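**Student:** What follows is data14.txt; its format and atoms are compact mmCIF, C-alpha atoms and all ligand atoms.
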```
# COMPACT_ATOMS: atom_id res chain seq x y z
CA MET A 1 -134.78 -78.03 -73.70
CA ALA A 2 -135.34 -75.05 -75.96
CA PHE A 3 -133.14 -73.75 -78.73
CA THR A 4 -132.95 -70.20 -80.03
CA ILE A 5 -133.95 -69.60 -83.66
CA THR A 6 -132.61 -66.43 -85.24
CA VAL A 7 -134.21 -65.16 -88.44
CA ALA A 8 -131.31 -63.72 -90.46
CA ASP A 9 -133.51 -61.37 -92.50
CA THR A 10 -134.88 -59.50 -89.49
CA GLY A 11 -132.54 -60.46 -86.65
CA GLU A 12 -135.61 -61.56 -84.68
CA ARG A 13 -135.19 -64.46 -82.26
CA PHE A 14 -137.62 -66.94 -80.79
CA PRO A 15 -137.35 -70.13 -78.76
CA CYS A 16 -138.13 -73.56 -80.22
CA ALA A 17 -138.58 -76.54 -77.92
CA GLU A 18 -136.85 -79.82 -78.68
CA GLY A 19 -139.10 -81.88 -80.97
CA GLN A 20 -141.06 -78.83 -82.11
CA ASN A 21 -140.81 -77.54 -85.66
CA VAL A 22 -139.47 -74.05 -86.27
CA LEU A 23 -142.64 -72.77 -87.94
CA ALA A 24 -144.96 -73.99 -85.18
CA ALA A 25 -142.68 -72.40 -82.56
CA MET A 26 -142.90 -69.09 -84.44
CA VAL A 27 -146.68 -69.27 -85.02
CA ARG A 28 -147.34 -69.95 -81.32
CA LEU A 29 -145.85 -66.56 -80.54
CA GLY A 30 -148.05 -64.87 -83.13
CA ARG A 31 -145.01 -64.06 -85.26
CA ARG A 32 -144.70 -63.92 -89.04
CA ASP A 33 -140.96 -63.75 -89.62
CA ILE A 34 -141.26 -66.76 -91.95
CA PRO A 35 -144.35 -67.03 -94.24
CA VAL A 36 -146.91 -69.59 -93.07
CA GLY A 37 -148.92 -71.81 -95.40
CA CYS A 38 -149.96 -75.45 -95.25
CA ARG A 39 -147.82 -76.36 -92.23
CA GLY A 40 -147.50 -79.86 -93.70
CA GLY A 41 -144.35 -79.70 -95.83
CA GLY A 42 -146.31 -79.40 -99.06
CA CYS A 43 -146.67 -75.84 -100.29
CA GLY A 44 -143.08 -74.57 -99.91
CA ILE A 45 -143.99 -71.11 -98.69
CA CYS A 46 -141.97 -71.59 -95.47
CA ARG A 47 -138.71 -72.52 -97.26
CA VAL A 48 -135.65 -71.45 -95.33
CA GLN A 49 -131.91 -71.83 -95.61
CA VAL A 50 -130.17 -72.88 -92.44
CA LEU A 51 -126.98 -70.81 -92.22
CA GLY A 52 -123.60 -71.97 -90.98
CA ALA A 53 -122.75 -75.31 -89.43
CA ALA A 54 -125.93 -76.31 -87.64
CA ARG A 55 -127.47 -79.38 -86.09
CA TYR A 56 -131.05 -80.20 -87.01
CA ARG A 57 -133.20 -82.88 -88.57
CA THR A 58 -136.11 -82.70 -90.96
CA LEU A 59 -139.29 -84.73 -91.38
CA LYS A 60 -140.43 -85.73 -94.88
CA MET A 61 -140.80 -82.67 -97.13
CA SER A 62 -142.23 -82.26 -100.62
CA ARG A 63 -139.55 -83.03 -103.21
CA ALA A 64 -141.30 -80.52 -105.46
CA GLN A 65 -140.23 -77.83 -102.99
CA VAL A 66 -136.89 -79.09 -101.65
CA SER A 67 -134.68 -81.18 -103.93
CA ALA A 68 -131.97 -83.50 -102.63
CA ALA A 69 -129.39 -80.92 -103.75
CA ASP A 70 -131.28 -78.17 -101.88
CA GLU A 71 -131.35 -80.33 -98.79
CA ALA A 72 -127.59 -80.90 -99.00
CA ARG A 73 -127.00 -77.14 -98.86
CA GLY A 74 -129.20 -76.57 -95.84
CA ILE A 75 -132.52 -75.69 -97.45
CA ALA A 76 -135.55 -76.95 -95.55
CA LEU A 77 -139.22 -76.28 -94.94
CA ALA A 78 -139.53 -74.59 -91.56
CA CYS A 79 -142.69 -76.58 -90.78
CA LYS A 80 -140.62 -79.80 -91.00
CA LEU A 81 -137.42 -78.45 -89.46
CA LEU A 82 -136.54 -79.68 -85.96
CA PRO A 83 -133.53 -77.97 -84.36
CA GLU A 84 -130.97 -79.93 -82.35
CA ALA A 85 -129.00 -76.77 -81.50
CA ASP A 86 -129.48 -73.02 -81.89
CA LEU A 87 -130.14 -72.17 -85.56
CA THR A 88 -129.97 -69.15 -87.82
CA VAL A 89 -132.33 -69.35 -90.79
CA LYS A 90 -133.00 -67.16 -93.79
CA ALA A 91 -136.54 -67.13 -95.24
CA LEU A 92 -136.46 -67.95 -98.97
CA GLY A 93 -140.11 -68.02 -99.97
CA LEU A 94 -141.61 -70.02 -102.79
CA LEU A 95 -139.51 -71.99 -105.22
CA GLU A 96 -141.37 -70.74 -108.25
CA CYS A 97 -141.89 -67.04 -108.69
CA ARG A 98 -145.65 -67.04 -109.04
CA LEU A 99 -147.31 -64.01 -110.52
CA ASN A 100 -150.18 -62.82 -108.42
CA PRO A 101 -152.96 -62.46 -111.00
CA VAL A 102 -154.78 -59.79 -109.02
CA ALA A 103 -151.92 -57.58 -107.94
CA GLY A 104 -149.59 -58.49 -110.77
CA GLY A 105 -151.63 -57.49 -113.81
CA ALA A 106 -153.46 -59.39 -116.49
CA PRO A 107 -153.70 -63.16 -116.37
CA HIS A 108 -152.96 -65.18 -119.45
CA ARG A 109 -155.85 -65.22 -121.82
CA GLY A 110 -156.61 -68.35 -123.75
CA MET B 1 -183.18 -86.10 -112.71
CA SER B 2 -182.60 -86.03 -116.38
CA PHE B 3 -178.89 -85.31 -116.37
CA ARG B 4 -176.88 -87.84 -118.28
CA GLY B 5 -173.38 -87.79 -119.74
CA VAL B 6 -170.94 -86.71 -117.03
CA MET B 7 -172.95 -87.21 -113.81
CA ARG B 8 -170.76 -86.23 -110.89
CA PRO B 9 -167.31 -86.22 -109.29
CA GLY B 10 -166.39 -89.88 -108.82
CA HIS B 11 -163.04 -89.85 -107.11
CA ALA B 12 -159.83 -87.95 -106.51
CA VAL B 13 -156.42 -89.57 -106.15
CA ILE B 14 -154.48 -87.49 -103.61
CA ARG B 15 -150.74 -87.82 -103.06
CA VAL B 16 -149.57 -87.79 -99.45
CA LEU B 17 -146.08 -87.71 -97.96
CA GLU B 18 -146.76 -90.39 -95.34
CA MET B 19 -149.68 -92.80 -95.40
CA GLU B 20 -150.27 -93.36 -91.72
CA PRO B 21 -150.94 -89.76 -90.62
CA ALA B 22 -152.92 -89.25 -93.82
CA VAL B 23 -155.23 -92.17 -93.05
CA THR B 24 -155.68 -90.89 -89.50
CA HIS B 25 -156.65 -87.49 -90.91
CA TYR B 26 -159.10 -88.69 -93.55
CA VAL B 27 -160.63 -91.52 -91.50
CA GLU B 28 -160.53 -90.41 -87.86
CA ARG B 29 -160.95 -86.66 -88.45
CA LEU B 30 -163.01 -86.25 -91.62
CA GLY B 31 -164.89 -89.47 -90.98
CA LEU B 32 -164.28 -91.25 -94.28
CA ILE B 33 -164.43 -95.04 -94.23
CA LYS B 34 -161.54 -97.18 -95.45
CA THR B 35 -162.87 -99.66 -97.97
CA ASN B 36 -159.73 -101.13 -99.51
CA GLU B 37 -155.96 -101.08 -99.81
CA ASP B 38 -154.26 -102.39 -102.93
CA ALA B 39 -150.95 -104.13 -103.65
CA GLN B 40 -149.30 -100.75 -104.34
CA GLY B 41 -150.31 -99.55 -100.89
CA ARG B 42 -152.94 -97.13 -102.15
CA VAL B 43 -155.74 -96.64 -99.63
CA TYR B 44 -159.37 -96.39 -100.81
CA LEU B 45 -161.90 -94.33 -98.87
CA LYS B 46 -165.56 -93.37 -99.12
CA ALA B 47 -167.92 -91.14 -97.21
CA TRP B 48 -170.84 -92.73 -95.39
CA ASP B 49 -173.55 -91.46 -97.75
CA GLU B 50 -171.77 -92.47 -100.96
CA HIS B 51 -172.85 -95.62 -102.74
CA ASP B 52 -169.83 -96.61 -104.83
CA ALA B 53 -166.78 -98.44 -103.49
CA PHE B 54 -164.55 -95.36 -103.09
CA SER B 55 -164.32 -91.63 -103.71
CA ILE B 56 -160.84 -90.80 -102.39
CA VAL B 57 -157.65 -92.73 -103.05
CA LEU B 58 -154.50 -91.86 -101.09
CA ARG B 59 -151.13 -92.58 -102.70
CA GLU B 60 -147.86 -92.13 -100.85
CA ALA B 61 -145.38 -90.09 -102.89
CA ASP B 62 -142.40 -87.71 -102.66
CA ALA B 63 -144.56 -84.65 -103.23
CA PRO B 64 -148.19 -84.04 -102.22
CA GLY B 65 -150.84 -82.87 -104.67
CA LEU B 66 -153.54 -84.30 -106.90
CA ASP B 67 -152.83 -87.17 -109.31
CA VAL B 68 -156.23 -87.05 -110.97
CA MET B 69 -159.85 -86.09 -110.50
CA ALA B 70 -162.31 -88.53 -112.06
CA PHE B 71 -165.95 -88.09 -113.01
CA LYS B 72 -168.55 -90.82 -113.27
CA VAL B 73 -170.39 -90.97 -116.58
CA HIS B 74 -173.89 -92.36 -117.00
CA GLY B 75 -173.20 -95.65 -118.75
CA THR B 76 -170.57 -97.07 -121.06
CA ALA B 77 -172.27 -95.81 -124.24
CA GLU B 78 -171.99 -92.25 -122.93
CA LEU B 79 -168.37 -92.87 -121.96
CA ASP B 80 -167.59 -94.07 -125.50
CA ARG B 81 -169.35 -91.03 -126.95
CA LEU B 82 -167.43 -88.62 -124.72
CA GLU B 83 -164.14 -90.33 -125.57
CA ALA B 84 -164.92 -89.97 -129.28
CA ASP B 85 -165.90 -86.33 -128.80
CA LEU B 86 -162.68 -85.60 -126.90
CA ARG B 87 -160.58 -87.23 -129.63
CA ALA B 88 -162.47 -85.32 -132.32
CA TYR B 89 -161.77 -82.10 -130.42
CA GLY B 90 -158.05 -82.96 -130.52
CA VAL B 91 -157.56 -84.17 -126.96
CA ASN B 92 -155.22 -87.13 -126.49
CA CYS B 93 -157.05 -89.82 -124.54
CA GLU B 94 -155.47 -92.76 -122.80
CA ARG B 95 -157.49 -95.79 -121.71
CA VAL B 96 -156.62 -97.03 -118.25
CA ALA B 97 -157.63 -100.67 -117.90
CA ALA B 98 -160.48 -101.80 -115.66
CA GLY B 99 -159.13 -102.92 -112.31
CA GLU B 100 -156.07 -100.63 -112.32
CA LEU B 101 -157.94 -98.98 -109.48
CA ALA B 102 -159.66 -101.78 -107.59
CA ASP B 103 -163.38 -102.16 -108.33
CA CYS B 104 -163.34 -99.45 -111.01
CA GLY B 105 -164.12 -99.96 -114.67
CA HIS B 106 -161.89 -98.64 -117.43
CA ARG B 107 -161.09 -94.96 -117.29
CA VAL B 108 -160.54 -92.49 -120.10
CA ARG B 109 -157.69 -90.23 -119.02
CA PHE B 110 -156.73 -86.91 -120.61
CA GLU B 111 -154.98 -83.66 -119.80
CA ILE B 112 -156.96 -80.43 -119.70
CA PRO B 113 -155.54 -77.00 -120.64
CA THR B 114 -154.74 -76.15 -117.00
CA GLY B 115 -152.37 -79.14 -116.97
CA HIS B 116 -154.46 -81.41 -114.73
CA ALA B 117 -155.25 -85.05 -115.44
CA ILE B 118 -158.97 -85.75 -115.61
CA GLU B 119 -160.59 -89.15 -116.01
CA LEU B 120 -164.03 -90.34 -117.01
CA TYR B 121 -165.37 -93.77 -116.14
CA ALA B 122 -168.78 -95.43 -116.18
CA GLU B 123 -168.52 -98.34 -113.79
CA LYS B 124 -167.52 -98.77 -110.18
CA LYS B 125 -168.56 -101.45 -107.71
CA TYR B 126 -171.82 -100.53 -105.99
CA VAL B 127 -171.58 -101.17 -102.26
CA GLY B 128 -174.39 -98.95 -101.00
CA ASN B 129 -174.22 -96.26 -98.35
CA LEU B 130 -174.13 -97.06 -94.64
CA VAL B 131 -177.91 -96.97 -94.14
CA GLY B 132 -178.87 -99.06 -97.14
CA ASN B 133 -181.76 -98.69 -99.58
CA HIS B 134 -184.40 -100.68 -97.72
CA ASN B 135 -186.39 -98.77 -95.08
CA PRO B 136 -183.24 -96.79 -94.28
CA ASN B 137 -182.49 -94.78 -91.17
CA PRO B 138 -181.61 -91.14 -91.84
CA TRP B 139 -178.01 -91.59 -90.70
CA PRO B 140 -175.80 -94.34 -89.38
CA GLU B 141 -174.49 -94.51 -85.84
CA GLY B 142 -170.81 -94.82 -85.04
CA LEU B 143 -169.40 -92.28 -87.51
CA LYS B 144 -166.11 -90.60 -86.71
CA GLY B 145 -164.91 -87.01 -86.59
CA MET B 146 -166.53 -84.50 -88.92
CA GLN B 147 -168.83 -87.15 -90.43
CA VAL B 148 -168.65 -85.78 -93.98
CA TYR B 149 -171.45 -86.95 -96.30
CA ARG B 150 -169.59 -87.03 -99.58
CA PHE B 151 -166.61 -85.92 -101.62
CA ASP B 152 -168.10 -82.94 -103.40
CA HIS B 153 -165.71 -81.00 -105.68
CA CYS B 154 -162.13 -79.84 -106.28
CA LEU B 155 -160.67 -76.39 -106.87
CA LEU B 156 -157.66 -76.56 -109.19
CA TYR B 157 -155.10 -73.91 -110.19
CA GLY B 158 -153.56 -73.53 -113.63
CA PRO B 159 -153.29 -71.42 -116.80
CA LYS B 160 -155.44 -71.19 -119.96
CA LEU B 161 -158.83 -70.82 -118.32
CA ALA B 162 -160.48 -69.73 -121.58
CA ASP B 163 -159.39 -72.92 -123.39
CA ASN B 164 -160.45 -74.88 -120.35
CA LEU B 165 -163.89 -73.23 -120.37
CA ASP B 166 -164.39 -74.27 -123.98
CA LEU B 167 -163.44 -77.88 -123.27
CA PHE B 168 -165.64 -78.21 -120.19
CA THR B 169 -168.72 -76.56 -121.67
CA ASN B 170 -168.57 -77.55 -125.34
CA VAL B 171 -167.12 -81.07 -125.10
CA LEU B 172 -167.72 -82.40 -121.61
CA GLY B 173 -171.20 -80.89 -121.27
CA PHE B 174 -170.65 -78.91 -118.05
CA ASP B 175 -172.38 -75.57 -117.40
CA LEU B 176 -170.43 -72.48 -116.36
CA THR B 177 -172.13 -71.40 -113.12
CA GLU B 178 -169.87 -68.56 -111.92
CA ARG B 179 -166.78 -66.71 -113.11
CA ILE B 180 -164.44 -63.93 -112.02
CA VAL B 181 -163.45 -61.62 -114.88
CA THR B 182 -160.83 -58.87 -115.22
CA PRO B 183 -161.80 -55.50 -116.75
CA ASP B 184 -160.28 -56.59 -120.08
CA GLY B 185 -162.29 -59.78 -120.16
CA GLY B 186 -159.65 -62.21 -118.88
CA LEU B 187 -160.82 -65.06 -116.69
CA LEU B 188 -159.51 -65.23 -113.13
CA ALA B 189 -161.75 -68.09 -112.04
CA THR B 190 -164.40 -70.42 -113.49
CA PHE B 191 -166.88 -72.68 -111.70
CA PHE B 192 -168.55 -75.59 -113.50
CA SER B 193 -171.48 -77.87 -112.77
CA CYS B 194 -172.30 -81.18 -114.44
CA SER B 195 -175.32 -81.57 -112.20
CA ASN B 196 -177.70 -79.55 -110.01
CA LYS B 197 -174.91 -78.26 -107.76
CA ALA B 198 -173.33 -74.80 -107.82
CA HIS B 199 -170.01 -76.45 -108.68
CA ASP B 200 -168.56 -79.87 -109.33
CA ILE B 201 -165.12 -78.54 -110.30
CA ALA B 202 -163.61 -75.06 -110.28
CA PHE B 203 -160.46 -73.37 -111.53
CA VAL B 204 -158.45 -70.30 -110.53
CA HIS B 205 -155.91 -68.77 -112.88
CA HIS B 206 -152.32 -69.59 -111.94
CA ASP B 207 -149.17 -69.42 -114.07
CA VAL B 208 -147.92 -72.80 -112.90
CA PRO B 209 -149.98 -75.68 -114.36
CA ASP B 210 -151.41 -78.68 -112.53
CA LYS B 211 -151.71 -77.24 -109.04
CA PHE B 212 -154.14 -78.48 -106.39
CA HIS B 213 -155.98 -75.96 -104.22
CA HIS B 214 -158.47 -78.16 -102.39
CA ALA B 215 -160.69 -81.19 -102.28
CA SER B 216 -164.03 -80.46 -100.66
CA PHE B 217 -166.36 -82.58 -98.57
CA MET B 218 -170.01 -81.84 -97.94
CA LEU B 219 -171.76 -81.29 -94.64
CA MET B 220 -175.44 -80.44 -94.25
CA THR B 221 -175.65 -77.62 -91.71
CA TRP B 222 -173.75 -74.64 -90.35
CA GLU B 223 -173.73 -76.35 -86.96
CA GLU B 224 -171.91 -79.29 -88.51
CA VAL B 225 -169.38 -76.89 -90.07
CA LEU B 226 -168.80 -75.31 -86.65
CA ARG B 227 -168.42 -78.75 -85.08
CA ALA B 228 -165.87 -79.64 -87.76
CA ALA B 229 -163.85 -76.57 -86.76
CA ASP B 230 -164.01 -77.73 -83.12
CA ILE B 231 -162.56 -81.08 -84.17
CA MET B 232 -159.74 -79.27 -85.99
CA SER B 233 -158.79 -77.46 -82.79
CA MET B 234 -159.10 -80.64 -80.70
CA HIS B 235 -156.56 -82.32 -82.96
CA ASP B 236 -154.40 -79.31 -83.86
CA ILE B 237 -155.26 -79.51 -87.56
CA ALA B 238 -153.93 -76.47 -89.46
CA ILE B 239 -156.89 -74.21 -90.35
CA ASP B 240 -156.43 -71.93 -93.36
CA ILE B 241 -159.61 -69.85 -92.94
CA GLY B 242 -163.06 -70.05 -91.47
CA PRO B 243 -165.66 -70.98 -90.56
CA THR B 244 -166.86 -68.30 -92.99
CA ARG B 245 -168.95 -67.71 -96.13
CA HIS B 246 -168.03 -67.86 -99.80
CA GLY B 247 -169.69 -65.22 -101.99
CA ILE B 248 -169.28 -67.55 -104.95
CA THR B 249 -171.65 -70.55 -104.52
CA ARG B 250 -172.84 -69.08 -101.16
CA GLY B 251 -171.13 -72.00 -99.40
CA ARG B 252 -170.44 -71.90 -95.66
CA THR B 253 -166.93 -73.18 -95.36
CA ILE B 254 -163.68 -73.99 -93.60
CA TYR B 255 -160.37 -74.46 -95.41
CA PHE B 256 -157.81 -76.59 -93.61
CA PHE B 257 -154.82 -78.78 -94.41
CA ASP B 258 -154.10 -82.48 -94.33
CA PRO B 259 -150.79 -83.61 -92.73
CA SER B 260 -149.02 -83.41 -96.14
CA GLY B 261 -150.14 -79.83 -96.79
CA ASN B 262 -152.97 -80.61 -99.20
CA ARG B 263 -155.86 -78.25 -98.58
CA ASN B 264 -159.25 -79.71 -97.68
CA GLU B 265 -162.60 -77.97 -97.34
CA VAL B 266 -165.74 -78.89 -95.47
CA PHE B 267 -168.77 -76.86 -96.45
CA CYS B 268 -172.52 -76.79 -96.44
CA GLY B 269 -175.16 -75.02 -98.43
CA ASP B 270 -175.12 -73.72 -101.95
CA TYR B 271 -177.94 -73.11 -104.41
CA THR B 272 -179.61 -75.37 -106.93
CA TRP B 273 -178.31 -75.04 -110.44
CA TYR B 274 -180.48 -75.57 -113.51
CA PRO B 275 -179.09 -75.49 -117.05
CA ASP B 276 -181.41 -72.66 -118.15
CA ARG B 277 -179.77 -70.24 -115.69
CA GLU B 278 -177.31 -67.57 -116.72
CA PRO B 279 -173.86 -67.80 -115.11
CA ILE B 280 -173.02 -65.40 -112.28
CA THR B 281 -170.23 -62.92 -113.01
CA TRP B 282 -167.95 -61.39 -110.37
CA GLU B 283 -165.68 -58.48 -111.19
CA ALA B 284 -161.99 -58.96 -110.32
CA GLY B 285 -162.18 -55.92 -108.02
CA GLU B 286 -164.74 -57.82 -105.94
CA ILE B 287 -162.64 -60.98 -105.67
CA GLY B 288 -162.28 -60.51 -101.90
CA ARG B 289 -165.98 -60.84 -101.16
CA ALA B 290 -166.42 -63.37 -103.97
CA ILE B 291 -164.08 -65.76 -102.18
CA PHE B 292 -164.37 -64.77 -98.49
CA TYR B 293 -167.62 -62.87 -98.10
CA HIS B 294 -167.05 -61.64 -94.54
CA ASP B 295 -163.36 -60.66 -94.65
CA ARG B 296 -163.96 -59.10 -98.10
CA ARG B 297 -160.33 -59.71 -98.99
CA LEU B 298 -158.28 -62.74 -99.87
CA ASN B 299 -156.14 -64.21 -97.14
CA GLU B 300 -152.45 -64.29 -98.02
CA ASN B 301 -152.60 -68.02 -98.71
CA PHE B 302 -155.51 -68.17 -101.15
CA LEU B 303 -153.46 -67.47 -104.28
CA GLY B 304 -150.04 -68.77 -103.29
CA VAL B 305 -150.45 -71.86 -101.15
CA VAL B 306 -151.12 -74.92 -103.29
CA THR B 307 -149.66 -78.41 -103.73
S1 LIG C 1 -146.03 -74.07 -94.60
FE1 LIG C 1 -146.33 -75.21 -96.45
S2 LIG C 1 -144.42 -76.26 -96.62
FE2 LIG C 1 -144.27 -75.30 -94.66
FE FE C 2 -164.58 -75.48 -102.48
```
Written as structure tokens, how would this file's structure read?
Ligand code: FES
Ligand SMILES: [Fe+2]

**Tutor:**
Amino acid sequence: MAFTITVADTGERFPCAEGQNVLAAMVRLGRRDIPVGCRGGGCGICRVQVLGAARYRTLKMSRAQVSAADEARGIALACKLLPEADLTVKALGLLECRLNPVAGGAPHRG
Amino acid sequence: MSFRGVMRPGHAVIRVLEMEPAVTHYVERLGLIKTNEDAQGRVYLKAWDEHDAFSIVLREADAPGLDVMAFKVHGTAELDRLEADLRAYGVNCERVAAGELADCGHRVRFEIPTGHAIELYAEKKYVGNLVGNHNPNPWPEGLKGMQVYRFDHCLLYGPKLADNLDLFTNVLGFDLTERIVTPDGGLLATFFSCSNKAHDIAFVHHDVPDKFHHASFMLMTWEEVLRAADIMSMHDIAIDIGPTRHGITRGRTIYFFDPSGNRNEVFCGDYTWYPDREPITWEAGEIGRAIFYHDRRLNENFLGVVT
């Protein structure tokens, strides 16, 4: 059984098989609607918010990236997000706003 | 060799989300050997060509990342001297009792300017490598997966690289081997050796302190690096980049991820460092080829994806 994942930001849709995580389903199609990093629930780059009333489960995710409060309001790491129905997700990106030291100007000195 | 003081990376304690898949990854895929498990459930691992009881400790936790990287010091007198030097420099040191990690002597633990915990220790149980010291064979049979030879170095992300450079070179006795500098003289990255290697620990500037980029394991040949990549595809391990070449250190490399999202590296080949060499300088505009020599640009994950 496959569910349809809709990415709210772009309106793009892709299928995700039962038992497959949302990020892996997207990567298999060569898509980049959600940023891809460690694929292990550690780095937080694939953070998404699941919109509306939705059925899904998650595997263990880094608490540094998704707090219990986040989880309660539908925030998850797409690489640990297993749909149990069609889902609409919004890509959130990293928790911390990290300055890119190359593109973003001078690094701290000292 | 005449190097004394801080000798080499001794161990890294890596946090994982779930122990079982982590052990499968580090034992069955990288080829580390499980040597111990303690009452807290921490799992102790070593590579086949390492002589001490462990070099990687896995600890299950709510968030992945690096608890600590520890260096082995040549003897207790040197450890005492380094502890005194650190205190005199103004670094708070904590003594962790012998046996807190099984088979390891007391550790001197302190925080460096990038926010990471570093430890020094002088004693760890000697168990020998898998071929022994008496008429040894060149390698042991029956190794698993990538068959890594040793835990080699870590790359860590954090702020205050200039302060960190001063601590590592002027107190801990490391040499700066390579650096990436901005046009105004700021440091984007620093690579340090306490030995004959091109790096034993390295840092990249990052605003958030105490971040873990990768733990690296040594292979001997490019063919072994390629074979490691084959194993990653056989077992659907997430590859970050490679096999490719680093400009910095000249290493031939693959970056990949453990099941908790911690980045690992397997690599072979760098140059021999001697303390009378001048450090290598890379300009920030050349950071692409400094890090990934063939792509000549950073991949999107190099700066942002850490645990
Ligand atoms: S890709 Fe790193 S947490 Fe999902
Ligand atoms: Fe490395």

**Student:** Distance limit 7 Å, reference ligand FE 2 (chain C), atoms considered: all atoms listed in the file. Which residues make the cut? Give them as a PyMOL selection string.

**Tutor:** chain B and resi 153-155+214-216+265

**Student:** I want to know what sits within 7 Å of Asp175 of chain B, based on only C-alpha atoms, with residues of the same chain fewer than 4 positions away left out; could you give that as a PyMOL selection string?

**Tutor:** chain B and resi 169+192-194+275

**Student:** Would you compute, for all listed atoms of segment 62-68 of chain A, the axis-aligned bounding box grown by 8 Å on each side, and then report its centre and edge lengths in Å rounded to one decimal, as JSON?

**Tutor:**
```
{"center_x": -137.1, "center_y": -80.7, "center_z": -103.0, "size_x": 26.3, "size_y": 21.7, "size_z": 20.8}
```

**Student:** Show me as number ranges by chain the residues that reach within 12 Å of (-132.1, -63.5, -86.9), counting all atoms listed in the file and using the file's own coordinates.

**Tutor:** A: 4-15, 33-34, 50-51, 86-91

**Student:** Find the residues of chain B in contact range of chain A, meaning any atom within 6 Å when counting all atoms listed in the file, and list them as a list in words.

**Tutor:**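 Listing them in order of chain and number gives Asp62, Ala63, Pro64, Lys160, Ala162, Asp163, Gly186, Phe257, Pro259, Ser260, Gly261, Val305, Val306 and Thr307 of chain B.
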
**Student:** Take the residues from that selection and write them out as a PDB file, keeping the file's coordinate frame, keeping C-alpha atoms.

**Tutor:**
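Everything below was put into selection_34.pdb:
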```pdb
ATOM      1  CA  ASP B  62    -142.400 -87.710-102.660  1.00  0.00           C
ATOM      2  CA  ALA B  63    -144.560 -84.650-103.230  1.00  0.00           C
ATOM      3  CA  PRO B  64    -148.190 -84.040-102.220  1.00  0.00           C
ATOM      4  CA  LYS B 160    -155.440 -71.190-119.960  1.00  0.00           C
ATOM      5  CA  ALA B 162    -160.480 -69.730-121.580  1.00  0.00           C
ATOM      6  CA  ASP B 163    -159.390 -72.920-123.390  1.00  0.00           C
ATOM      7  CA  GLY B 186    -159.650 -62.210-118.880  1.00  0.00           C
ATOM      8  CA  PHE B 257    -154.820 -78.780 -94.410  1.00  0.00           C
ATOM      9  CA  PRO B 259    -150.790 -83.610 -92.730  1.00  0.00           C
ATOM     10  CA  SER B 260    -149.020 -83.410 -96.140  1.00  0.00           C
ATOM     11  CA  GLY B 261    -150.140 -79.830 -96.790  1.00  0.00           C
ATOM     12  CA  VAL B 305    -150.450 -71.860-101.150  1.00  0.00           C
ATOM     13  CA  VAL B 306    -151.120 -74.920-103.290  1.00  0.00           C
ATOM     14  CA  THR B 307    -149.660 -78.410-103.730  1.00  0.00           C
TER      15      THR B 307
END
```

**Student:** Any idea what's packed within 7 Å of Ala284 of chain B, counting all atoms listed in the file, ignoring anything in its chain fewer than 6 positions away? Could you give it as JSON, numbers by chain?

**Tutor:** {"B": [180, 181, 182]}

**Student:** Kindly indicate which residue among B:Arg289, B:Arg107, B:His205, B:Arg296 lies nearest to Glu83 of chain B, using only C-alpha atoms for the distances.

**Tutor:**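 Looking at the shortest contact to Glu83 of chain B, the residue is B:Arg107.
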
**Student:** Give me, as a PyMOL selection string, all polymer residues having an atom no more than 12 Å from Tyr293 of chain B, counting only C-alpha atoms and skipping those fewer than 3 positions away in the same chain.

**Tutor:** chain B and resi 241-253+286-290+296-299
